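Source file: start.cif. Holds: mmCIF, C-alpha atoms.
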```
data_structure
loop_
_atom_site.label_atom_id
_atom_site.label_comp_id
_atom_site.auth_asym_id
_atom_site.auth_seq_id
_atom_site.Cartn_x
_atom_site.Cartn_y
_atom_site.Cartn_z
CA MET V 1 28.17 12.98 10.55
CA THR V 2 28.10 12.76 14.35
CA THR V 3 31.45 11.73 15.74
CA ILE V 4 31.79 9.28 18.60
CA PHE V 5 33.18 12.08 20.77
CA GLU V 6 30.13 14.19 20.07
CA ARG V 7 27.85 11.30 20.96
CA VAL V 8 29.58 10.77 24.31
CA THR V 9 29.73 14.51 25.07
CA THR V 10 26.03 14.93 24.33
CA ALA V 11 25.12 11.90 26.44
CA LEU V 12 27.23 12.95 29.43
CA GLY V 13 25.80 16.46 29.12
CA ASN V 14 22.41 14.94 29.92
CA LEU V 15 23.50 13.77 33.38
CA SER V 16 21.33 15.20 36.08
CA PRO V 17 22.63 16.64 38.31
CA ALA V 18 25.39 17.78 35.96
CA ILE V 19 28.82 16.26 36.54
CA PRO V 20 31.98 17.86 35.16
CA PHE V 21 33.59 15.73 32.48
CA ALA V 22 36.42 15.86 29.98
CA LEU V 23 37.97 13.93 27.15
CA GLY V 24 41.27 12.56 28.45
CA ALA V 25 42.55 13.70 31.82
CA TYR V 26 40.34 16.17 33.66
CA LYS V 27 42.25 19.43 34.10
CA THR V 28 41.39 22.38 36.31
CA ALA V 29 42.66 25.93 36.17
CA SER V 30 46.11 26.20 37.66
CA GLY V 31 46.06 25.50 41.36
CA ALA V 32 42.37 24.67 41.53
CA ASP V 33 41.33 21.51 43.30
CA LEU V 34 39.69 18.71 41.35
CA PRO V 35 35.91 18.40 41.78
CA ASP V 36 34.68 15.83 44.30
CA THR V 37 33.11 13.89 41.46
CA PHE V 38 34.12 14.06 37.83
CA ILE V 39 34.27 11.93 34.71
CA SER V 40 36.92 11.46 32.07
CA PHE V 41 36.52 9.48 28.89
CA THR V 42 38.83 7.95 26.30
CA LEU V 43 38.41 6.22 23.00
CA VAL V 44 39.80 2.71 23.48
CA ASN V 45 39.40 1.63 19.89
CA GLY V 46 37.35 2.13 16.77
CA ASP V 47 37.44 -0.66 14.21
CA GLY V 48 35.58 -1.50 11.05
CA VAL V 49 33.70 -4.71 11.71
CA GLN V 50 31.69 -5.17 8.54
CA HIS V 51 32.45 -4.46 4.92
CA ALA V 52 30.52 -4.82 1.70
CA ASP V 53 31.51 -4.00 -1.89
CA ASN V 54 34.91 -2.79 -0.76
CA ALA V 55 33.38 -0.32 1.68
CA GLU V 56 33.11 -0.29 5.44
CA THR V 57 29.49 -0.62 6.52
CA LEU V 58 29.73 -1.00 10.29
CA ARG V 59 32.22 0.41 12.80
CA GLU V 60 32.56 -0.56 16.44
CA TYR V 61 33.78 1.96 19.00
CA THR V 62 34.77 1.19 22.57
CA ILE V 63 34.76 4.14 24.94
CA GLN V 64 36.08 4.02 28.49
CA ILE V 65 34.21 6.20 30.95
CA SER V 66 36.09 6.72 34.22
CA ILE V 67 34.09 8.02 37.15
CA PHE V 68 36.11 9.50 40.03
CA SER V 69 34.56 10.29 43.37
CA ARG V 70 35.87 11.20 46.80
CA ALA V 71 32.71 9.79 48.38
CA GLY V 72 33.43 6.22 47.29
CA LEU V 73 31.73 4.14 44.65
CA ILE V 74 28.39 3.37 46.23
CA THR V 75 26.44 6.25 44.74
CA LEU V 76 27.65 7.29 41.32
CA PRO V 77 26.26 9.42 38.51
CA ASN V 78 23.86 7.40 36.38
CA VAL V 79 26.16 7.15 33.39
CA ASP V 80 24.46 3.94 32.30
CA ALA V 81 21.14 5.67 31.78
CA VAL V 82 22.44 8.46 29.54
CA LEU V 83 24.76 6.26 27.49
CA LEU V 84 22.31 3.41 26.99
CA ALA V 85 19.73 6.01 25.93
CA ALA V 86 22.27 7.24 23.38
CA GLY V 87 22.57 3.76 21.88
CA PHE V 88 25.65 2.45 23.67
CA ILE V 89 25.97 -1.11 24.96
CA LYS V 90 27.49 -1.81 28.36
CA GLY V 91 30.88 -3.48 28.45
CA PRO V 92 33.10 -4.61 31.30
CA GLU V 93 33.93 -2.41 34.28
CA ARG V 94 36.78 -2.33 36.76
CA GLN V 95 37.80 -0.44 39.85
CA LEU V 96 40.73 1.93 39.47
CA THR V 97 43.42 2.46 42.05
CA THR V 98 42.38 4.97 44.70
CA ASP V 99 44.47 8.11 44.37
CA GLU V 100 46.35 8.76 47.59
CA GLN V 101 46.93 12.44 46.80
CA THR V 102 43.45 13.52 45.81
CA ARG V 103 41.59 10.72 47.65
CA HIS V 104 39.40 9.95 44.67
CA TYR V 105 38.06 6.46 44.15
CA GLY V 106 37.69 5.43 40.54
CA LEU V 107 35.55 3.15 38.44
CA ALA V 108 36.17 2.58 34.73
CA ARG V 109 33.40 1.31 32.51
CA ASP V 110 33.61 0.38 28.86
CA TYR V 111 30.74 1.18 26.52
CA ILE V 112 30.44 -0.03 22.96
CA TYR V 113 28.79 1.79 20.09
CA LEU V 114 28.05 0.25 16.70
CA GLU V 115 27.78 2.79 13.95
CA ASP V 116 26.07 2.07 10.66
CA LEU V 117 27.93 3.80 7.89
CA MET F 1 11.78 -63.40 15.78
CA LYS F 2 14.94 -61.50 16.36
CA ALA F 3 17.02 -59.00 14.46
CA ALA F 4 20.76 -58.67 14.49
CA TRP F 5 22.49 -55.40 13.67
CA GLU F 6 26.15 -55.71 13.28
CA VAL F 7 28.37 -52.69 13.38
CA GLN F 8 31.88 -53.03 12.15
CA GLY F 9 34.78 -50.65 12.53
CA LEU F 10 33.53 -49.16 15.80
CA GLU F 11 36.78 -49.97 17.57
CA ASP F 12 38.76 -48.25 14.84
CA TYR F 13 36.48 -45.25 15.09
CA MET F 14 36.88 -45.09 18.86
CA ASP F 15 40.66 -45.34 18.49
CA MET F 16 40.56 -42.51 15.97
CA LEU F 17 38.53 -40.36 18.33
CA LYS F 18 40.92 -41.12 21.16
CA GLU F 19 43.89 -40.15 19.01
CA ALA F 20 42.17 -36.98 17.81
CA GLY F 21 41.60 -36.04 21.45
CA LYS F 22 45.34 -36.18 22.05
CA GLN F 23 46.19 -34.44 18.77
CA VAL F 24 43.79 -31.56 19.28
CA ASN F 25 45.57 -30.56 22.49
CA VAL F 26 49.00 -30.68 20.85
CA VAL F 27 47.90 -28.70 17.80
CA SER F 28 45.94 -26.21 19.91
CA ARG F 29 48.91 -25.52 22.13
CA GLU F 30 51.19 -25.04 19.13
CA ALA F 31 48.70 -22.62 17.59
CA LEU F 32 48.35 -20.75 20.88
CA ALA F 33 52.12 -20.37 21.17
CA GLU F 34 52.18 -18.88 17.69
CA VAL F 35 49.31 -16.44 18.17
CA GLY F 36 50.68 -15.53 21.60
CA GLN F 37 53.77 -14.11 19.92
CA GLU F 38 51.67 -12.14 17.45
CA LEU F 39 49.51 -10.72 20.22
CA GLN F 40 52.61 -9.81 22.23
CA ALA F 41 54.07 -7.97 19.21
CA GLU F 42 50.80 -6.09 18.66
CA MET F 43 50.72 -4.97 22.31
CA GLN F 44 54.35 -3.89 22.16
CA ILE F 45 53.73 -1.83 19.03
CA ARG F 46 50.84 -0.02 20.72
CA CYS F 47 52.51 0.52 24.11
CA LYS F 48 53.87 4.05 24.39
CA VAL F 49 55.93 3.44 27.53
CA ASP F 50 59.27 1.90 26.61
CA LYS F 51 60.14 0.61 30.05
CA LEU F 52 57.02 -1.56 30.05
CA LEU F 53 57.92 -3.34 26.81
CA PRO F 54 60.09 -6.09 28.36
CA TYR F 55 57.26 -6.99 30.73
CA ILE F 56 54.68 -7.67 28.06
CA LYS F 57 55.15 -11.39 28.27
CA ILE F 58 53.69 -14.65 27.15
CA TYR F 59 52.63 -17.01 29.86
CA THR F 60 53.29 -20.06 27.74
CA PRO F 61 50.38 -22.20 26.67
CA GLN F 62 48.96 -23.76 29.74
CA ARG F 63 46.80 -26.77 30.01
CA GLU F 64 44.12 -27.54 32.51
CA GLY F 65 42.67 -30.83 31.34
CA ASP F 66 41.45 -30.16 27.82
CA TYR F 67 41.31 -26.40 28.41
CA ASN F 68 44.24 -24.81 26.60
CA TYR F 69 45.05 -21.15 26.82
CA VAL F 70 47.80 -18.61 26.49
CA ALA F 71 48.09 -15.46 28.61
CA VAL F 72 49.73 -12.43 27.04
CA GLY F 73 50.48 -9.12 28.70
CA PHE F 74 51.38 -8.40 32.30
CA VAL F 75 51.21 -11.78 33.94
CA HIS F 76 49.76 -11.80 37.44
CA ASP F 77 52.79 -13.48 38.93
CA LEU F 78 55.75 -11.71 40.55
CA ALA F 79 58.08 -14.21 38.90
CA TYR F 80 57.07 -12.64 35.57
CA THR F 81 56.10 -9.08 36.38
CA PRO F 82 57.53 -6.81 39.10
CA ALA F 83 54.91 -4.92 41.10
CA TRP F 84 55.94 -1.51 39.74
CA ALA F 85 55.43 -2.68 36.15
CA ALA F 86 51.99 -4.09 36.93
CA ILE F 87 50.93 -0.86 38.68
CA LEU F 88 52.28 1.35 35.88
CA ALA F 89 50.71 -0.80 33.18
CA ASN F 90 47.38 -0.55 34.95
CA VAL F 91 47.61 3.24 35.08
CA ILE F 92 48.63 3.47 31.43
CA GLU F 93 45.92 1.11 30.21
CA PHE F 94 43.06 2.44 32.34
CA GLY F 95 44.20 5.95 33.33
CA SER F 96 44.03 7.64 36.70
CA VAL F 97 42.85 10.86 38.31
CA HIS F 98 45.86 12.64 36.79
CA ASN F 99 46.39 10.81 33.50
CA ALA F 100 44.21 9.91 30.58
CA ALA F 101 44.05 6.23 29.75
CA MET F 102 46.36 5.22 26.89
CA PRO F 103 44.99 1.77 26.19
CA PHE F 104 47.23 -0.66 24.34
CA ILE F 105 46.13 -4.08 25.59
CA ARG F 106 42.43 -3.84 24.77
CA PRO F 107 42.98 -2.38 21.27
CA ALA F 108 45.58 -5.05 20.52
CA VAL F 109 43.24 -7.84 21.58
CA ARG F 110 40.39 -6.27 19.60
CA ALA F 111 42.53 -5.84 16.50
CA MET F 112 43.89 -9.38 16.62
CA ARG F 113 40.70 -11.21 17.61
CA SER F 114 39.65 -12.28 14.13
CA ALA F 115 43.19 -13.09 13.02
CA VAL F 116 43.84 -15.19 16.13
CA ASN F 117 40.61 -17.15 15.73
CA ALA F 118 41.32 -17.69 12.02
CA LYS F 119 44.86 -18.87 12.69
CA ILE F 120 43.81 -21.38 15.33
CA ALA F 121 41.03 -22.66 13.07
CA ALA F 122 43.48 -22.97 10.16
CA ARG F 123 45.92 -24.98 12.28
CA LEU F 124 43.18 -27.33 13.42
CA LYS F 125 41.94 -27.74 9.84
CA ALA F 126 45.44 -28.37 8.54
CA ALA F 127 45.77 -31.16 11.08
CA THR F 128 42.40 -32.49 9.83
CA LEU F 129 40.99 -32.16 13.34
CA VAL F 130 38.03 -30.05 12.32
CA ASP F 131 35.97 -29.79 9.15
CA GLU F 132 35.57 -26.69 7.02
#
```

Could you show the structure in this file as structure tokens?
Amino acid sequence: MTTIFERVTTALGNLSPAIPFALGAYKTASGADLPDTFISFTLVNGDGVQHADNAETLREYTIQISIFSRAGLITLPNVDAVLLAAGFIKGPERQLTTDEQTRHYGLARDYIYLEDL
Amino acid sequence: MKAAWEVQGLEDYMDMLKEAGKQVNVVSREALAEVGQELQAEMQIRCKVDKLLPYIKIYTPQREGDYNYVAVGFVHDLAYTPAWAAILANVIEFGSVHNAAMPFIRPAVRAMRSAVNAKIAARLKAATLVDE
């Protein structure tokens, strides 16, 4: 069975041009600078939302995709396109605090996936 | 030719409606206070940063006309939440360049959504303010 992490990884791997991404915090080799643009993602929650005959039949996942960019938030990787194509639904989004050290701006978007079991 | 149609009991019915209008606000606010505490507990259980726990607060059931609500979490008011706690909570919930998000507010709300709705509905039904 395809896990939610695999679904997100596959979808983000389809970004063109490719953008570096990671589950959790994006880490570079020791001492290396962070990329100008990168993505990190986190599972916010995964809950059973429908049951029948004592078995879960539908599960809802919420994934947060955080896009960080030193160039601001006007032009961002088209995360919507690859995730919607992979069956996700768009959720709320919010701006993250600009990092004073690395000078990255951040935008966090939630995406929801309903999995038939 | 004329027809007369007499309706009786309309005044009683209107009085009942008026009373129900008052009652529904009282019962709603009581239910909100109760579920607010449950939501607060759920957020506290899921929060991994101990020093934030005292600042997960309930902004007691408010009323704006007939709109009743309860706010739970980090209240956007310096009288309730110091700036450092609000900033830290934001970083923990949503992550940053350096840290992965460790959400605890959104999962708590998601986990409690059905229970909260059911509890409020049960309170309103118990007060005979709504039908089954």

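The interatomic distance for the pair CA of Asn99 (chain F) and CA of Leu73 (chain V) works out to 19.6 Å.
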
Report task. Decode the PyMOL selection byres ((chain F) within 6 of (chain V)) for the given file into explicit residues and return them as a PyMOL selection string. Result -> chain F and resi 99-100+103+107

Requested in this report: Write out as a list in words which residues come within 7 Å of region 108-111 of chain F when counting all atoms listed in the file, dropping same-chain ones fewer than 2 positions away.
Outcome: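 Counting only the stated atoms, we get Leu39, Glu42, Met43, Phe104, Ile105, Arg106 and Arg113 of chain F.
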
Report task. Translate the PyMOL selection byres ((chain V and resi 58) around 7), as applied to the file shown, into an explicit residue set as a list in words. Result ->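 With the PyMOL selection byres ((chain V and resi 58) around 7) on this model, the match is Gly48, Val49, Gln50, His51, Glu56, Thr57, Arg59, Glu60, Leu114, Glu115, Asp116 and Leu117 of chain V.
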
Requested in this report: To one decimal in Å, tell me the separation between CA of Glu93 (chain V) and CA of Gly95 (chain F).
Outcome: 13.3 Å

Query raised in the report: What is the distance between CA of Gly65 (chain F) and CA of Ala20 (chain F), in Å to one decimal?
Result: 14.9 Å

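Distances to Ile58 (chain F) were evaluated for F:Glu6, F:Asp77, F:Asp15, F:Glu93 using only C-alpha atoms, and the minimum falls at F:Asp77.
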
Query raised in the report: the PyMOL selection byres ((chain F and resi 61) around 7) on the file shown: which residues, as number ranges by chain?
Result: F: 29, 32-33, 59-60, 62-63, 68-70

Report task. Would you please work out which residue, of F:Glu38, F:Leu88, F:Ser96, F:Tyr55, is nearest to Gly73 (chain F) when using all atoms listed in the file? Result -> F:Tyr55

Report summary line: Nearest to Lys90 (chain V), restricted to only C-alpha atoms and choosing among V:Val8, V:Ala55, V:Asp110, V:Ser16, comes out as V:Asp110

**Report entry** Residue among V:Arg70, V:Asp80, V:Ala52, V:Ala86 lying closest to Glu6 (chain V), counting all atoms listed in the file
**Finding:**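 Ranked by minimum distance to Glu6 (chain V), first place goes to V:Ala86.
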
Report task. Find the residues around Pro54 (chain F) up to 10 Å (only C-alpha atoms counted), leave out those fewer than 4 positions away in its own chain, and share them as a VMD selection string. Result -> chain F and resid 44 50 74 81 85

N, CA and C atoms of region 76-112 of chain F, written as a JSON list (two decimals), in the first residue's frame:
```json
[["chain", "number", "residue", "atom", "x", "y", "z"],
["F", 76, "HIS", "N", -4.91, 35.83, 21.02],
["F", 76, "HIS", "CA", -4.26, 36.99, 20.40],
["F", 76, "HIS", "C", -4.55, 38.25, 21.23],
["F", 77, "ASP", "N", -3.98, 38.24, 22.42],
["F", 77, "ASP", "CA", -4.19, 39.36, 23.34],
["F", 77, "ASP", "C", -3.05, 39.28, 24.36],
["F", 78, "LEU", "N", -2.27, 40.35, 24.46],
["F", 78, "LEU", "CA", -1.10, 40.33, 25.34],
["F", 78, "LEU", "C", -1.48, 40.14, 26.81],
["F", 79, "ALA", "N", -2.73, 40.41, 27.14],
["F", 79, "ALA", "CA", -3.18, 40.18, 28.52],
["F", 79, "ALA", "C", -3.23, 38.67, 28.81],
["F", 80, "TYR", "N", -3.33, 37.87, 27.76],
["F", 80, "TYR", "CA", -3.43, 36.41, 27.93],
["F", 80, "TYR", "C", -2.12, 35.72, 27.57],
["F", 81, "THR", "N", -1.49, 36.19, 26.52],
["F", 81, "THR", "CA", -0.33, 35.49, 25.97],
["F", 81, "THR", "C", 0.84, 36.44, 25.77],
["F", 82, "PRO", "N", 1.98, 36.21, 26.43],
["F", 82, "PRO", "CA", 3.14, 37.06, 26.16],
["F", 82, "PRO", "C", 3.64, 36.84, 24.73],
["F", 83, "ALA", "N", 4.29, 37.85, 24.19],
["F", 83, "ALA", "CA", 4.73, 37.77, 22.79],
["F", 83, "ALA", "C", 5.63, 36.57, 22.54],
["F", 84, "TRP", "N", 6.54, 36.28, 23.48],
["F", 84, "TRP", "CA", 7.48, 35.17, 23.24],
["F", 84, "TRP", "C", 6.74, 33.84, 23.10],
["F", 85, "ALA", "N", 5.67, 33.68, 23.89],
["F", 85, "ALA", "CA", 4.91, 32.41, 23.84],
["F", 85, "ALA", "C", 4.17, 32.30, 22.50],
["F", 86, "ALA", "N", 3.64, 33.42, 22.04],
["F", 86, "ALA", "CA", 2.92, 33.39, 20.75],
["F", 86, "ALA", "C", 3.88, 33.07, 19.61],
["F", 87, "ILE", "N", 5.08, 33.68, 19.65],
["F", 87, "ILE", "CA", 6.07, 33.44, 18.59],
["F", 87, "ILE", "C", 6.54, 31.98, 18.62],
["F", 88, "LEU", "N", 6.83, 31.50, 19.82],
["F", 88, "LEU", "CA", 7.31, 30.11, 19.95],
["F", 88, "LEU", "C", 6.23, 29.12, 19.52],
["F", 89, "ALA", "N", 5.02, 29.38, 19.95],
["F", 89, "ALA", "CA", 3.91, 28.47, 19.59],
["F", 89, "ALA", "C", 3.74, 28.41, 18.08],
["F", 90, "ASN", "N", 3.90, 29.55, 17.44],
["F", 90, "ASN", "CA", 3.78, 29.62, 15.98],
["F", 90, "ASN", "C", 4.85, 28.77, 15.31],
["F", 91, "VAL", "N", 6.07, 28.87, 15.82],
["F", 91, "VAL", "CA", 7.19, 28.11, 15.26],
["F", 91, "VAL", "C", 6.99, 26.61, 15.50],
["F", 92, "ILE", "N", 6.50, 26.25, 16.67],
["F", 92, "ILE", "CA", 6.28, 24.83, 16.98],
["F", 92, "ILE", "C", 5.15, 24.28, 16.11],
["F", 93, "GLU", "N", 4.07, 25.02, 16.01],
["F", 93, "GLU", "CA", 2.91, 24.52, 15.26],
["F", 93, "GLU", "C", 3.20, 24.44, 13.76],
["F", 94, "PHE", "N", 3.85, 25.48, 13.23],
["F", 94, "PHE", "CA", 4.00, 25.55, 11.77],
["F", 94, "PHE", "C", 5.42, 25.31, 11.28],
["F", 95, "GLY", "N", 6.40, 25.25, 12.18],
["F", 95, "GLY", "CA", 7.78, 25.01, 11.77],
["F", 95, "GLY", "C", 8.46, 26.28, 11.29],
["F", 96, "SER", "N", 9.73, 26.13, 10.95],
["F", 96, "SER", "CA", 10.51, 27.27, 10.46],
["F", 96, "SER", "C", 11.58, 26.73, 9.51],
["F", 97, "VAL", "N", 12.44, 27.62, 9.07],
["F", 97, "VAL", "CA", 13.55, 27.20, 8.20],
["F", 97, "VAL", "C", 14.37, 26.11, 8.90],
["F", 98, "HIS", "N", 14.54, 26.25, 10.20],
["F", 98, "HIS", "CA", 15.44, 25.36, 10.95],
["F", 98, "HIS", "C", 14.74, 24.16, 11.59],
["F", 99, "ASN", "N", 13.45, 24.31, 11.86],
["F", 99, "ASN", "CA", 12.75, 23.27, 12.63],
["F", 99, "ASN", "C", 11.53, 22.72, 11.88],
["F", 100, "ALA", "N", 11.36, 21.42, 12.00],
["F", 100, "ALA", "CA", 10.15, 20.83, 11.44],
["F", 100, "ALA", "C", 8.95, 21.26, 12.27],
["F", 101, "ALA", "N", 7.81, 21.37, 11.62],
["F", 101, "ALA", "CA", 6.59, 21.68, 12.36],
["F", 101, "ALA", "C", 6.27, 20.51, 13.30],
["F", 102, "MET", "N", 5.81, 20.83, 14.49],
["F", 102, "MET", "CA", 5.32, 19.79, 15.42],
["F", 102, "MET", "C", 3.90, 20.17, 15.83],
["F", 103, "PRO", "N", 2.98, 20.02, 14.89],
["F", 103, "PRO", "CA", 1.63, 20.53, 15.12],
["F", 103, "PRO", "C", 0.95, 19.89, 16.33],
["F", 104, "PHE", "N", 0.29, 20.70, 17.11],
["F", 104, "PHE", "CA", -0.49, 20.17, 18.23],
["F", 104, "PHE", "C", -1.86, 20.83, 18.31],
["F", 105, "ILE", "N", -2.01, 21.99, 17.70],
["F", 105, "ILE", "CA", -3.31, 22.66, 17.74],
["F", 105, "ILE", "C", -4.24, 22.07, 16.67],
["F", 106, "ARG", "N", -3.74, 22.00, 15.45],
["F", 106, "ARG", "CA", -4.58, 21.46, 14.37],
["F", 106, "ARG", "C", -4.99, 20.01, 14.62],
["F", 107, "PRO", "N", -4.06, 19.13, 15.04],
["F", 107, "PRO", "CA", -4.50, 17.76, 15.31],
["F", 107, "PRO", "C", -5.52, 17.67, 16.46],
["F", 108, "ALA", "N", -5.35, 18.53, 17.46],
["F", 108, "ALA", "CA", -6.30, 18.51, 18.58],
["F", 108, "ALA", "C", -7.69, 18.92, 18.11],
["F", 109, "VAL", "N", -7.73, 19.97, 17.31],
["F", 109, "VAL", "CA", -9.03, 20.44, 16.81],
["F", 109, "VAL", "C", -9.66, 19.35, 15.93],
["F", 110, "ARG", "N", -8.82, 18.74, 15.09],
["F", 110, "ARG", "CA", -9.33, 17.70, 14.18],
["F", 110, "ARG", "C", -9.87, 16.51, 14.98],
["F", 111, "ALA", "N", -9.11, 16.13, 16.01],
["F", 111, "ALA", "CA", -9.50, 14.95, 16.79],
["F", 111, "ALA", "C", -10.77, 15.20, 17.59],
["F", 112, "MET", "N", -10.97, 16.44, 18.00],
["F", 112, "MET", "CA", -12.09, 16.74, 18.89],
["F", 112, "MET", "C", -13.34, 17.22, 18.15]]
```
